[in-house]
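*Asks:* Can you keep this structure in mind? I'll have questions shortly.
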Amino acid sequence: MYVIGITAHEVILNECLAQGIDYDEMYDIIRELLIKYNAGKAFAKRMGRGWLNNASKKIPYRTQFIDIVAYPYNYNKKERKSFAWKVACEVWYSEKSILVLEQMKAFVEEGAVLAHIIDSVYMRGKNTSKTDLAMRLELHMGRTKYFDVKKDAIVLYGLLIWKYCKKRDKEDKENGIIDENGNIIN
């Protein structure tokens with residue numbers, strides 16, 4: 001299944017190119033989302049689950065996420081941060097993140113390490129998250145190597161979430177749930 005001699009970085013970079021995604025912009029967008037992951041989950045829990053499972057918000061957020069990744073230059077930093085917070089508070093994002101971690105493991109040979117970095121640094125609770133230094137020591141990586149691998153992990157995570165959103169968007173269009181612009185059809 002894996003191509004011998006091709007690094008995980010090359011696979012991820014090529015996938016970005018194939019999808020028309022800017023690797024560095026994907027990193028910036030998804031890093032912001034991951035940073036807000038635990039705070040968003042905690043806020044959502046305080047607000048109550050019913051507040052979060054609202055399709056009238058889920059679908060537009062998904063559509064906007066597709067657009068932000070595809071056309072990052074149309075959004076300023078403040079709009080991206082605001083959007084990251086909104087998504088981080090959504091139950092569907094937390095649920096899909098767990099699925100994406102599993103997909104990461106199969107996407108590239110080093111996928112298990114990439115998924116472990118995302119899970120350990122960003123997705124565990126505040127008191128159980130690992131620092132970058134702890135991860136570097138655990139993985140026996142130097143500083144430069146670790147941060148290169150971590151960047152690949154963030155971009156791969158973003159690519160897989162983005163592909164999931166695109167797939168669901170397409171299904172909803174085919175099923176008459178949303179129009180071509182991503183608006184819910186009444």
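Chain labels A, B, ... are given in the sequence in which chains occur in the structure tokens; within each chain residues are numbered consecutively from 1, and ligands are likewise numbered from 1 in the order shown.
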Using only C-alpha atoms, which protein or nucleic acid residues come within 7 Å of segment 86-92 of chain A? Drop anything in the same chain fewer than 3 positions from it, and give the result as a CSV table (one decimal) with N, CA, C and O atoms, in the first residue's frame.
*Replies:*
```csv
chain,number,residue,atom,x,y,z
A,33,LEU,N,-7.3,25.9,14.6
A,33,LEU,CA,-8.4,25.1,15.0
A,33,LEU,C,-8.0,24.1,16.1
A,33,LEU,O,-8.7,23.9,17.1
A,36,LYS,N,-7.6,25.6,19.6
A,36,LYS,CA,-8.9,25.9,20.3
A,36,LYS,C,-9.7,24.6,20.6
A,36,LYS,O,-10.7,24.7,21.2
A,37,TYR,N,-9.2,23.4,20.3
A,37,TYR,CA,-9.9,22.2,20.4
A,37,TYR,C,-10.5,22.0,21.8
A,37,TYR,O,-11.7,21.8,22.0
A,40,GLY,N,-12.8,24.8,23.2
A,40,GLY,CA,-14.1,24.7,22.5
A,40,GLY,C,-15.0,23.6,23.1
A,40,GLY,O,-16.2,23.8,23.3
A,41,LYS,N,-14.4,22.5,23.3
A,41,LYS,CA,-15.1,21.3,23.9
A,41,LYS,C,-15.6,21.7,25.3
A,41,LYS,O,-16.8,21.3,25.6
A,43,PHE,N,-16.3,24.7,26.5
A,43,PHE,CA,-17.3,25.6,26.3
A,43,PHE,C,-18.6,25.0,25.9
A,43,PHE,O,-19.7,25.2,26.4
A,44,ALA,N,-18.5,24.1,24.9
A,44,ALA,CA,-19.7,23.3,24.4
A,44,ALA,C,-20.4,22.5,25.5
A,44,ALA,O,-21.6,22.5,25.6
A,52,LEU,N,-25.3,22.4,20.5
A,52,LEU,CA,-24.3,22.1,19.5
A,52,LEU,C,-24.8,21.3,18.3
A,52,LEU,O,-24.3,21.5,17.2
A,53,ASN,N,-25.6,20.3,18.5
A,53,ASN,CA,-26.1,19.5,17.4
A,53,ASN,C,-27.1,20.1,16.6
A,53,ASN,O,-28.2,19.6,16.4
A,61,TYR,N,-21.1,25.9,8.6
A,61,TYR,CA,-19.7,25.9,9.1
A,61,TYR,C,-18.9,24.9,8.2
A,61,TYR,O,-17.8,25.2,7.9
A,82,SER,N,-11.9,33.5,14.5
A,82,SER,CA,-13.3,33.5,14.9
A,82,SER,C,-14.0,32.2,14.4
A,82,SER,O,-14.7,31.5,15.1
A,83,PHE,N,-13.7,31.9,13.2
A,83,PHE,CA,-14.3,30.6,12.6
A,83,PHE,C,-13.7,29.4,13.4
A,83,PHE,O,-14.5,28.5,13.7
A,95,GLU,N,-16.3,14.7,17.2
A,95,GLU,CA,-16.5,13.4,16.8
A,95,GLU,C,-15.7,13.0,15.5
A,95,GLU,O,-15.1,11.9,15.4
A,96,LYS,N,-15.7,13.9,14.6
A,96,LYS,CA,-15.0,13.6,13.3
A,96,LYS,C,-13.5,13.6,13.5
A,96,LYS,O,-12.7,12.9,12.8
```
*Asks:* Identify, on the basis of only C-alpha atoms, every residue whose closest approach to Gln103 of chain A does not exceed 8 Å; exclude the query and any residue fewer than 4 positions from it along the same chain; express the result as number ranges by chain.
*Replies:* A: 99, 107, 160
*Asks:* Where does DSSP see alpha helix (DSSP H) in chain A, if you list the residues as JSON, numbers by chain?
*Replies:* {"A": [8, 9, 10, 11, 12, 13, 14, 15, 16, 17, 18, 19, 23, 24, 25, 26, 27, 28, 29, 30, 31, 32, 33, 34, 35, 37, 38, 39, 40, 41, 42, 43, 44, 45, 46, 47, 49, 50, 51, 52, 55, 56, 57, 58, 59, 60, 61, 62, 63, 64, 65, 66, 67, 68, 69, 70, 77, 78, 79, 80, 81, 82, 83, 84, 85, 86, 87, 88, 91, 92, 93, 94, 95, 96, 97, 98, 99, 100, 101, 102, 103, 104, 105, 106, 107, 111, 112, 113, 114, 115, 116, 117, 118, 132, 133, 134, 135, 136, 137, 138, 139, 143, 144, 145, 146, 147, 148, 149, 150, 151, 152, 153, 154, 155, 156, 157, 158, 159, 160, 161, 162, 163, 164, 165, 166, 167, 168, 169, 170, 171, 172, 173, 174]}
*Asks:* Extract, using only C-alpha atoms, all DNA, RNA and protein residues at most 8 Å from Met135 of chain A, discarding same-chain residues fewer than 6 positions from it, and format them as number ranges by chain.
*Replies:* A: 117, 120-121
*Asks:* Considering only C-alpha atoms, can you say which of A:Asp169, A:Glu110, A:Asp179, A:Asp28 comes closest to Asp67 of chain A?
*Replies:*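 Closest residue, counting only C-alpha atoms: A:Asp169.
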*Asks:* From the set A:Ile66, A:Leu17, A:Val11, A:Ala42, which residue has the shortest atom-to-atom contact distance to Asn181 of chain A, counting only C-alpha atoms?
*Replies:*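 Going through A:Ile66, A:Leu17, A:Val11, A:Ala42 one by one, the smallest distance to Asn181 of chain A is for A:Ile66.
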*Asks:* For His116 of chain A, which residue out of A:Lys145, A:Lys150, A:His9, A:Lys166 is the nearest one, using only C-alpha atoms?
*Replies:* A:Lys150
*Asks:* I want to know what sits within 12 Å of Ile118 of chain A, based on only C-alpha atoms, with residues of the same chain fewer than 6 positions away left out; could you give that as a PyMOL selection string?
*Replies:* chain A and resi 30-31+33-35+37+97-98+100-102+104-105+111-112+124+129-132+135+149-158
*Asks:* My list of candidates is A:Glu10, A:Glu171, A:Asp22, A:Glu15. Which is closest to Ala70 of chain A when distances are computed with only C-alpha atoms?
*Replies:*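 Of all the options, A:Asp22 lies closest to Ala70 of chain A.
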*Asks:* To one decimal in Å, tell me the separation between atom CA of Lys58 of chain A and atom CA of Cys16 of chain A.
*Replies:*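 According to the coordinates, atom CA of Lys58 of chain A and atom CA of Cys16 of chain A are separated by 24.6 Å.
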